[in-house]
Amino acid sequence: MQSFAIVTGIAASLPASNVDTDVIMPKQFLKGVDRSGLRDGVFHDLRFGTSKADFVLNRNPWREARFLVVGPNFGCGSSREHAVWGLGQFGIRALIGTSFAGIFFDNCAHNGLLAITLEPDQIETLTAVVSNPASAELTIDLPNQTITAPSGLRIAFDIESGRKESLVLGLDAVGTTLQAREAIKQFERGYLRENPWLA
Amino acid sequence: MALARTLYDKLVDSHTVRHLDADGRRVLLYIDRTVLNEYTSPQAFTALREAGRPAWRPGASLGTVDHVNPTASHRVAAMPDAGAARQAEYFAENCRDFGIELFDVLHPLQGIEHVVMPEIGLVLPGMVIAAGDSHTTTYGAFGTLGFGIGTSDIEHYLATQTLVYKRLKSMRVTVDGDLAPGVRAKDVVMALIRRIGASGATGYAIEFAGSAISSLSVEGRMTICNMAVEAGARGALVAPDQRVFEYIKGRPRAPKGRLWDQAVAAWRLLESDADAVFDQEVVLPASDIEPMVTWGTSPDQAAPISMKVPDPVLETNPDRRRDMERALAYMGLAPGMPLDTIVIDRAFIGSCTNARIEDLRDAAAVVRGRHVASGVRAMVVPGSSTVKRQAEAEGLDRVFLDAGFEWRQSGCSMCLAMNDDVLGVGERCASSTNRNFEGRQGAGGRTHLMSPAMVAAAAIAGRLTDTRRAVEGE
Ligand code: SF4
């Protein structure tokens, strides 16, 4: 997994609420058996549809966006991890919003995509800052848990320690768990003994 | 004295292999079972192959092809779409190589994963089931903690039989009293989502309680738990009762004989302690609930059928106003229109929310002896091949066919439109599914969610309508 330490880049604002994974990655891009080819699929109908000229990721400087400042409940709906793979392939490294849907939030963590949760007034501030092309650049420092901008803006954020560690180190989650192989085996034996109808 | 615990706490505790942090919020959670589908699993298997890792407990997984297959009335193994064909083929190869049982499209038990698992008796009270589909919450109807996971977590599950899990907060939703005649389980959950919002339960596991819940059938409870994810819940539970045990008893994969008695004795203990404290309590009086429909593009943009399309001008929150304006523009609706004047082009009865046998019986009762309005294309897609056979044995297929519905093979079909069942641009559909997102049922398609009986009534009337008015005496 790609690790995340300090990343500087353009941030784009996508303020709509409840942006679901069907919108992030429409169904016609779900027919693969690998993770490739999803760059074109990201926000497909918005990027290539009738009002494409207005869509923020089609405009300068945001077409180079590395971060998205998003509305509440981003990533709701289907569990499709293709949404996260596509965002990564598009070059998005972090999402900043007030709330993320649960499965999507976990999918982000498994793919080196940092999802930062802030208060609504902080999102409002960030949205105003990055909506101005002259001040759209932010730096996210995960080890120090800060979002900064050349203007002097500085926002500290919280992140659960386990999530932070695996992002910073780019850990292989399965490999890490398999180090506890014996503990799992032992648990399993006891569990199936107590619940023999599941054995 | 031990601290009072909720049912959710008990399920997490009984499956905790080890704690991963000091306060016990992050745990390594043992997972009893999964069900795999052809479109969210391939990359998980590829990762296992690349790392040379076997499946930890292949017998605890089941594969079923449901998302991409056609539902045309004659079933063949071949997939007309190249991508779907490759997914089905790779899925079969993966199940074979990793020793996992597969229900392919020709298998007599094939169907939508969340319909198949309970109907063959693979969902048992007290289990934790995680699967690569958000509607895994369905299993909460059995007192089973079910939740959706992404592909990376499918890989993690397959390789380790566990997941790194963060404990959720708890919410109790109490629905007491009697549901008015003609009000269904779907209306209860739609009313809840309308009330708390599409992210109202994000970060929570819901426990449904109250007399209106315990008087529901197990299938009705499945509908409610299924759609709880549309409020953001990643777990929805109903404490199992006699009705649940009776539902499971005798199903092909359910425990038998002495094991059955042992299991039931353990299942009877599965409930929240009387003095358990929930992080949030929501009370929804049953008598307030009416038949519901959505008017927008998020499941919380819903209202009782007797109401009108809301006016964004009256919305004081500017973000919500913007979302409403966008939704109404997409849906092609004007504020102030009575909901029951909205004319439809399509009607769809299907999905893991509402395509079980009771749903089809309920819809058939509305349809019987009537005919679909001219200009409306209506279809029924049974939730599983088993449901389809049973419905045919009861003659329900004839009822639908005589009324002008198409009677199709089972699959997810137009719930997500990954096969060839798709809405055209601007087409408006009354749908028994769970998501009305933009483009969900086809790019530019307009979805109104409602119960299967309400879909049936809409198909007959040619517009959204109150089932209670459509069927005399109901
Ligand atoms: S029926 Fe719909 S919601 Fe259910 S599993 Fe299939 S696509 Fe998902």
# chains A, B, ... in the order shown; residues from 1 in each chain; ligands from 1
$ residues_near_ligand --ligand "ligand 1" --cutoff "8 Å" --atoms "only C-alpha atoms and all ligand atoms" --output "list in words"
Ser78 of chain A; Asp66, His67, Ile112, Glu113, His114, Asp133, Ser134, His135, Gly350, Ser351, Cys352, Thr353, Gly383, Gly411, Cys412, Ser413, Met414, Cys415, Leu416, Ala417, Thr433, Asn434 and Arg435 of chain B
$ select_by_dssp --residues "stretch 10-189 of chain A" --states "strand (DSSP E or B)" --output "ChimeraX atom specification"
/A:10-14,20,67-70,74,76,94-97,100,114-117,137-141,146-148,154-156
$ write_last_selection --atoms "N, CA, C and O atoms" --output "short mmCIF file (atom, residue, chain, number, x, y, z; two decimals), in the first residue's frame"
data_model
loop_
_atom_site.label_atom_id
_atom_site.label_comp_id
_atom_site.auth_asym_id
_atom_site.auth_seq_id
_atom_site.Cartn_x
_atom_site.Cartn_y
_atom_site.Cartn_z
N ILE A 10 -3.09 20.63 -5.09
CA ILE A 10 -4.29 21.43 -5.26
C ILE A 10 -5.48 20.71 -4.62
O ILE A 10 -5.59 19.49 -4.71
N ALA A 11 -6.34 21.50 -3.99
CA ALA A 11 -7.56 20.92 -3.42
C ALA A 11 -8.77 21.48 -4.15
O ALA A 11 -8.83 22.68 -4.44
N ALA A 12 -9.72 20.61 -4.48
CA ALA A 12 -10.95 21.04 -5.15
C ALA A 12 -12.12 20.85 -4.20
O ALA A 12 -12.13 19.93 -3.39
N SER A 13 -13.12 21.72 -4.33
CA SER A 13 -14.29 21.63 -3.46
C SER A 13 -15.46 20.96 -4.19
O SER A 13 -15.83 21.33 -5.30
N LEU A 14 -16.01 19.94 -3.54
CA LEU A 14 -17.20 19.24 -4.06
C LEU A 14 -18.23 19.23 -2.94
O LEU A 14 -18.33 18.26 -2.18
N ASP A 20 -22.69 9.59 -3.63
CA ASP A 20 -22.64 8.13 -3.45
C ASP A 20 -21.62 7.50 -4.38
O ASP A 20 -21.14 8.13 -5.32
N PHE A 67 -6.38 16.72 -3.62
CA PHE A 67 -7.27 16.61 -2.46
C PHE A 67 -8.67 17.06 -2.85
O PHE A 67 -8.83 17.93 -3.70
N LEU A 68 -9.67 16.49 -2.20
CA LEU A 68 -11.05 16.94 -2.38
C LEU A 68 -11.62 17.37 -1.04
O LEU A 68 -11.48 16.63 -0.05
N VAL A 69 -12.23 18.54 -1.01
CA VAL A 69 -12.95 19.00 0.18
C VAL A 69 -14.42 18.71 -0.10
O VAL A 69 -15.00 19.28 -1.03
N VAL A 70 -14.99 17.78 0.64
CA VAL A 70 -16.28 17.20 0.24
C VAL A 70 -17.40 17.49 1.23
O VAL A 70 -17.16 17.87 2.38
N PHE A 74 -20.05 11.62 2.41
CA PHE A 74 -19.40 11.29 1.14
C PHE A 74 -19.14 9.78 1.08
O PHE A 74 -18.73 9.16 2.05
N CYS A 76 -21.39 7.35 0.34
CA CYS A 76 -22.47 6.47 0.80
C CYS A 76 -22.87 5.53 -0.33
O CYS A 76 -22.47 5.69 -1.48
N ALA A 94 -6.08 12.60 -0.69
CA ALA A 94 -6.80 12.80 0.57
C ALA A 94 -8.16 13.41 0.31
O ALA A 94 -8.37 14.14 -0.66
N LEU A 95 -9.10 13.09 1.21
CA LEU A 95 -10.45 13.67 1.18
C LEU A 95 -10.65 14.35 2.53
O LEU A 95 -10.25 13.81 3.57
N ILE A 96 -11.26 15.52 2.49
CA ILE A 96 -11.49 16.25 3.73
C ILE A 96 -12.98 16.57 3.78
O ILE A 96 -13.52 17.19 2.86
N GLY A 97 -13.66 16.12 4.83
CA GLY A 97 -15.11 16.34 4.90
C GLY A 97 -15.61 16.24 6.32
O GLY A 97 -14.84 15.96 7.25
N PHE A 100 -17.99 10.62 6.50
CA PHE A 100 -17.84 9.67 5.41
C PHE A 100 -18.67 8.43 5.74
O PHE A 100 -18.80 8.06 6.90
N LEU A 114 -6.14 9.06 2.37
CA LEU A 114 -6.38 9.62 3.70
C LEU A 114 -7.74 10.32 3.73
O LEU A 114 -8.00 11.19 2.90
N ALA A 115 -8.62 9.92 4.65
CA ALA A 115 -9.92 10.60 4.80
C ALA A 115 -9.88 11.35 6.13
O ALA A 115 -9.72 10.74 7.19
N ILE A 116 -10.00 12.67 6.05
CA ILE A 116 -9.89 13.52 7.25
C ILE A 116 -11.27 14.06 7.60
O ILE A 116 -11.97 14.59 6.74
N THR A 117 -11.64 13.92 8.84
CA THR A 117 -12.93 14.43 9.30
C THR A 117 -12.72 15.72 10.09
O THR A 117 -11.94 15.75 11.04
N GLU A 137 -3.88 25.63 -3.15
CA GLU A 137 -2.86 24.66 -2.77
C GLU A 137 -2.81 24.44 -1.25
O GLU A 137 -2.77 25.40 -0.47
N LEU A 138 -2.81 23.19 -0.85
CA LEU A 138 -2.72 22.85 0.58
C LEU A 138 -1.57 21.86 0.79
O LEU A 138 -1.16 21.18 -0.16
N THR A 139 -1.11 21.80 2.02
CA THR A 139 -0.17 20.76 2.40
C THR A 139 -0.77 19.96 3.54
O THR A 139 -1.24 20.54 4.53
N ILE A 140 -0.81 18.65 3.37
CA ILE A 140 -1.30 17.79 4.45
C ILE A 140 -0.11 17.02 5.03
O ILE A 140 0.61 16.33 4.29
N ASP A 141 0.07 17.21 6.31
CA ASP A 141 1.18 16.56 7.02
C ASP A 141 0.54 15.53 7.96
O ASP A 141 0.00 15.90 9.01
N THR A 146 -1.65 17.94 10.44
CA THR A 146 -2.04 19.32 10.13
C THR A 146 -2.33 19.48 8.64
O THR A 146 -1.76 18.79 7.80
N ILE A 147 -3.23 20.44 8.38
CA ILE A 147 -3.47 20.92 7.02
C ILE A 147 -3.02 22.37 7.01
O ILE A 147 -3.47 23.16 7.85
N THR A 148 -2.11 22.74 6.12
CA THR A 148 -1.63 24.12 6.09
C THR A 148 -1.70 24.67 4.68
O THR A 148 -1.78 23.92 3.71
N ARG A 154 -3.87 27.10 9.15
CA ARG A 154 -3.36 25.88 9.77
C ARG A 154 -4.51 25.21 10.52
O ARG A 154 -5.10 25.80 11.42
N ILE A 155 -4.83 24.01 10.13
CA ILE A 155 -5.91 23.27 10.79
C ILE A 155 -5.35 21.93 11.27
O ILE A 155 -4.75 21.19 10.49
N ALA A 156 -5.54 21.66 12.54
CA ALA A 156 -5.10 20.37 13.09
C ALA A 156 -6.25 19.38 12.94
O ALA A 156 -7.41 19.76 13.01
#
$ residues_around --residues "A:Ser79" --least-positions-apart "3" --cutoff "8 Å" --atoms "only C-alpha atoms" --output "list of chain:residue names"
A:Thr21, A:Ile103, A:Phe104, B:Gly132, B:Asp133, B:Ser134, B:Gly148, B:Ile149, B:Gly150
$ write_last_selection --atoms "N, CA and C atoms" --output "mmCIF file, in the first residue's frame"
data_model
loop_
_atom_site.group_PDB
_atom_site.id
_atom_site.type_symbol
_atom_site.label_atom_id
_atom_site.label_comp_id
_atom_site.auth_asym_id
_atom_site.auth_seq_id
_atom_site.Cartn_x
_atom_site.Cartn_y
_atom_site.Cartn_z
ATOM 1 N N THR A 21 -21.325 6.228 -4.122
ATOM 2 C CA THR A 21 -20.289 5.559 -4.908
ATOM 3 C C THR A 21 -20.749 5.249 -6.333
ATOM 4 N N ILE A 103 -18.300 2.041 5.078
ATOM 5 C CA ILE A 103 -17.550 1.087 4.253
ATOM 6 C C ILE A 103 -16.524 1.856 3.422
ATOM 7 N N PHE A 104 -16.964 2.988 2.873
ATOM 8 C CA PHE A 104 -16.075 3.812 2.059
ATOM 9 C C PHE A 104 -14.869 4.280 2.865
ATOM 10 N N GLY B 132 -19.058 -8.605 0.868
ATOM 11 C CA GLY B 132 -18.699 -7.507 -0.034
ATOM 12 C C GLY B 132 -19.897 -6.881 -0.692
ATOM 13 N N ASP B 133 -20.828 -6.450 0.134
ATOM 14 C CA ASP B 133 -22.022 -5.797 -0.363
ATOM 15 C C ASP B 133 -22.649 -5.068 0.813
ATOM 16 N N SER B 134 -23.033 -3.823 0.584
ATOM 17 C CA SER B 134 -23.471 -2.993 1.704
ATOM 18 C C SER B 134 -24.742 -3.501 2.386
ATOM 19 N N GLY B 148 -21.413 -4.703 5.560
ATOM 20 C CA GLY B 148 -20.758 -4.698 4.263
ATOM 21 C C GLY B 148 -19.293 -4.322 4.387
ATOM 22 N N ILE B 149 -18.499 -4.877 3.489
ATOM 23 C CA ILE B 149 -17.067 -4.575 3.449
ATOM 24 C C ILE B 149 -16.636 -4.381 1.994
ATOM 25 N N GLY B 150 -15.494 -3.738 1.815
ATOM 26 C CA GLY B 150 -14.927 -3.574 0.479
ATOM 27 C C GLY B 150 -14.073 -4.767 0.109
#
$ residues_around --residues "B:Gln110" --least-positions-apart "6" --cutoff "10 Å" --atoms "only C-alpha atoms" --output "number ranges by chain"
B: 63-66, 102-104, 116, 383-386, 409-411
$ write_last_selection --atoms "N, CA, C and O atoms" --output "PDB file, in the first residue's frame"
ATOM      1  N   GLY B  63     -20.364 -18.660  -2.817  1.00  0.00           N
ATOM      2  CA  GLY B  63     -20.401 -17.719  -3.937  1.00  0.00           C
ATOM      3  C   GLY B  63     -21.732 -17.808  -4.653  1.00  0.00           C
ATOM      4  O   GLY B  63     -22.267 -18.902  -4.818  1.00  0.00           O
ATOM      5  N   THR B  64     -22.279 -16.675  -5.056  1.00  0.00           N
ATOM      6  CA  THR B  64     -23.474 -16.717  -5.901  1.00  0.00           C
ATOM      7  C   THR B  64     -23.382 -15.614  -6.949  1.00  0.00           C
ATOM      8  O   THR B  64     -22.982 -14.498  -6.648  1.00  0.00           O
ATOM      9  N   VAL B  65     -23.698 -15.982  -8.169  1.00  0.00           N
ATOM     10  CA  VAL B  65     -23.690 -15.006  -9.263  1.00  0.00           C
ATOM     11  C   VAL B  65     -25.032 -14.296  -9.249  1.00  0.00           C
ATOM     12  O   VAL B  65     -26.080 -14.940  -9.333  1.00  0.00           O
ATOM     13  N   ASP B  66     -25.015 -12.997  -9.073  1.00  0.00           N
ATOM     14  CA  ASP B  66     -26.300 -12.290  -8.998  1.00  0.00           C
ATOM     15  C   ASP B  66     -26.281 -10.901  -9.632  1.00  0.00           C
ATOM     16  O   ASP B  66     -27.274 -10.474 -10.199  1.00  0.00           O
ATOM     17  N   LEU B 102     -20.100 -22.763  -5.082  1.00  0.00           N
ATOM     18  CA  LEU B 102     -20.609 -21.708  -5.972  1.00  0.00           C
ATOM     19  C   LEU B 102     -22.007 -22.041  -6.485  1.00  0.00           C
ATOM     20  O   LEU B 102     -22.249 -23.153  -6.943  1.00  0.00           O
ATOM     21  N   PHE B 103     -22.888 -21.048  -6.401  1.00  0.00           N
ATOM     22  CA  PHE B 103     -24.176 -21.142  -7.084  1.00  0.00           C
ATOM     23  C   PHE B 103     -24.056 -20.299  -8.349  1.00  0.00           C
ATOM     24  O   PHE B 103     -24.194 -19.072  -8.307  1.00  0.00           O
ATOM     25  N   ASP B 104     -23.798 -20.940  -9.478  1.00  0.00           N
ATOM     26  CA  ASP B 104     -23.713 -20.174 -10.727  1.00  0.00           C
ATOM     27  C   ASP B 104     -25.117 -19.944 -11.283  1.00  0.00           C
ATOM     28  O   ASP B 104     -26.092 -20.382 -10.682  1.00  0.00           O
ATOM     29  N   VAL B 116     -30.573 -15.509  -0.832  1.00  0.00           N
ATOM     30  CA  VAL B 116     -30.147 -16.906  -0.788  1.00  0.00           C
ATOM     31  C   VAL B 116     -29.678 -17.325   0.608  1.00  0.00           C
ATOM     32  O   VAL B 116     -30.080 -18.380   1.114  1.00  0.00           O
ATOM     33  N   GLY B 383     -36.336 -12.694  -6.081  1.00  0.00           N
ATOM     34  CA  GLY B 383     -35.062 -12.549  -5.387  1.00  0.00           C
ATOM     35  C   GLY B 383     -34.138 -13.741  -5.522  1.00  0.00           C
ATOM     36  O   GLY B 383     -32.920 -13.616  -5.378  1.00  0.00           O
ATOM     37  N   SER B 384     -34.710 -14.912  -5.780  1.00  0.00           N
ATOM     38  CA  SER B 384     -33.854 -16.088  -5.955  1.00  0.00           C
ATOM     39  C   SER B 384     -34.599 -17.078  -6.833  1.00  0.00           C
ATOM     40  O   SER B 384     -35.807 -16.968  -7.039  1.00  0.00           O
ATOM     41  N   SER B 385     -33.846 -18.060  -7.299  1.00  0.00           N
ATOM     42  CA  SER B 385     -34.475 -19.105  -8.109  1.00  0.00           C
ATOM     43  C   SER B 385     -35.455 -19.919  -7.266  1.00  0.00           C
ATOM     44  O   SER B 385     -36.467 -20.400  -7.766  1.00  0.00           O
ATOM     45  N   THR B 386     -35.148 -20.037  -5.979  1.00  0.00           N
ATOM     46  CA  THR B 386     -36.058 -20.738  -5.070  1.00  0.00           C
ATOM     47  C   THR B 386     -37.375 -19.969  -4.933  1.00  0.00           C
ATOM     48  O   THR B 386     -38.466 -20.554  -4.992  1.00  0.00           O
ATOM     49  N   GLN B 409     -36.160 -14.134 -14.561  1.00  0.00           N
ATOM     50  CA  GLN B 409     -35.270 -14.955 -13.733  1.00  0.00           C
ATOM     51  C   GLN B 409     -34.652 -14.086 -12.640  1.00  0.00           C
ATOM     52  O   GLN B 409     -34.608 -12.870 -12.764  1.00  0.00           O
ATOM     53  N   SER B 410     -34.102 -14.734 -11.616  1.00  0.00           N
ATOM     54  CA  SER B 410     -33.653 -13.945 -10.470  1.00  0.00           C
ATOM     55  C   SER B 410     -32.269 -13.331 -10.671  1.00  0.00           C
ATOM     56  O   SER B 410     -31.449 -13.804 -11.456  1.00  0.00           O
ATOM     57  N   GLY B 411     -32.040 -12.259  -9.940  1.00  0.00           N
ATOM     58  CA  GLY B 411     -30.771 -11.534  -9.979  1.00  0.00           C
ATOM     59  C   GLY B 411     -30.996 -10.129  -9.448  1.00  0.00           C
ATOM     60  O   GLY B 411     -32.130  -9.755  -9.120  1.00  0.00           O
TER      61      GLY B 411
END
$ interface_residues --of "chain A" --to "chain B" --cutoff "9 Å" --atoms "only C-alpha atoms" --output "VMD selection string"
chain A and resid 15 to 18 20 22 to 23 26 to 28 30 to 35 45 72 to 73 76 to 82 99 to 104 106 to 107 110 to 111 161 to 162 173 to 174 177 to 178 181 183 to 184 186 to 188 191 195 to 198
$ residues_around --residues "B:Leu449" --least-positions-apart "4" --cutoff "7 Å" --atoms "only C-alpha atoms" --output "PyMOL selection string"
chain B and resi 293-294+430-434+436
$ residues_around --residues "A:Ser166" --least-positions-apart "4" --cutoff "10 Å" --atoms "only C-alpha atoms" --output "count of residues only"
14
$ atom_distance --atom1 "atom CA of B:Leu328" --atom2 "atom CA of B:Asp466"
21.4 Å
$ select_by_dssp --residues "chain A" --states "helix (DSSP H, G or I)" --output "NGL selection string"
:A and (21-24 or 27-29 or 44-48 or 52-54 or 56-58 or 62-64 or 82-90 or 102-110 or 120-130 or 133-135 or 161-169 or 173-178 or 181-194 or 196-198)
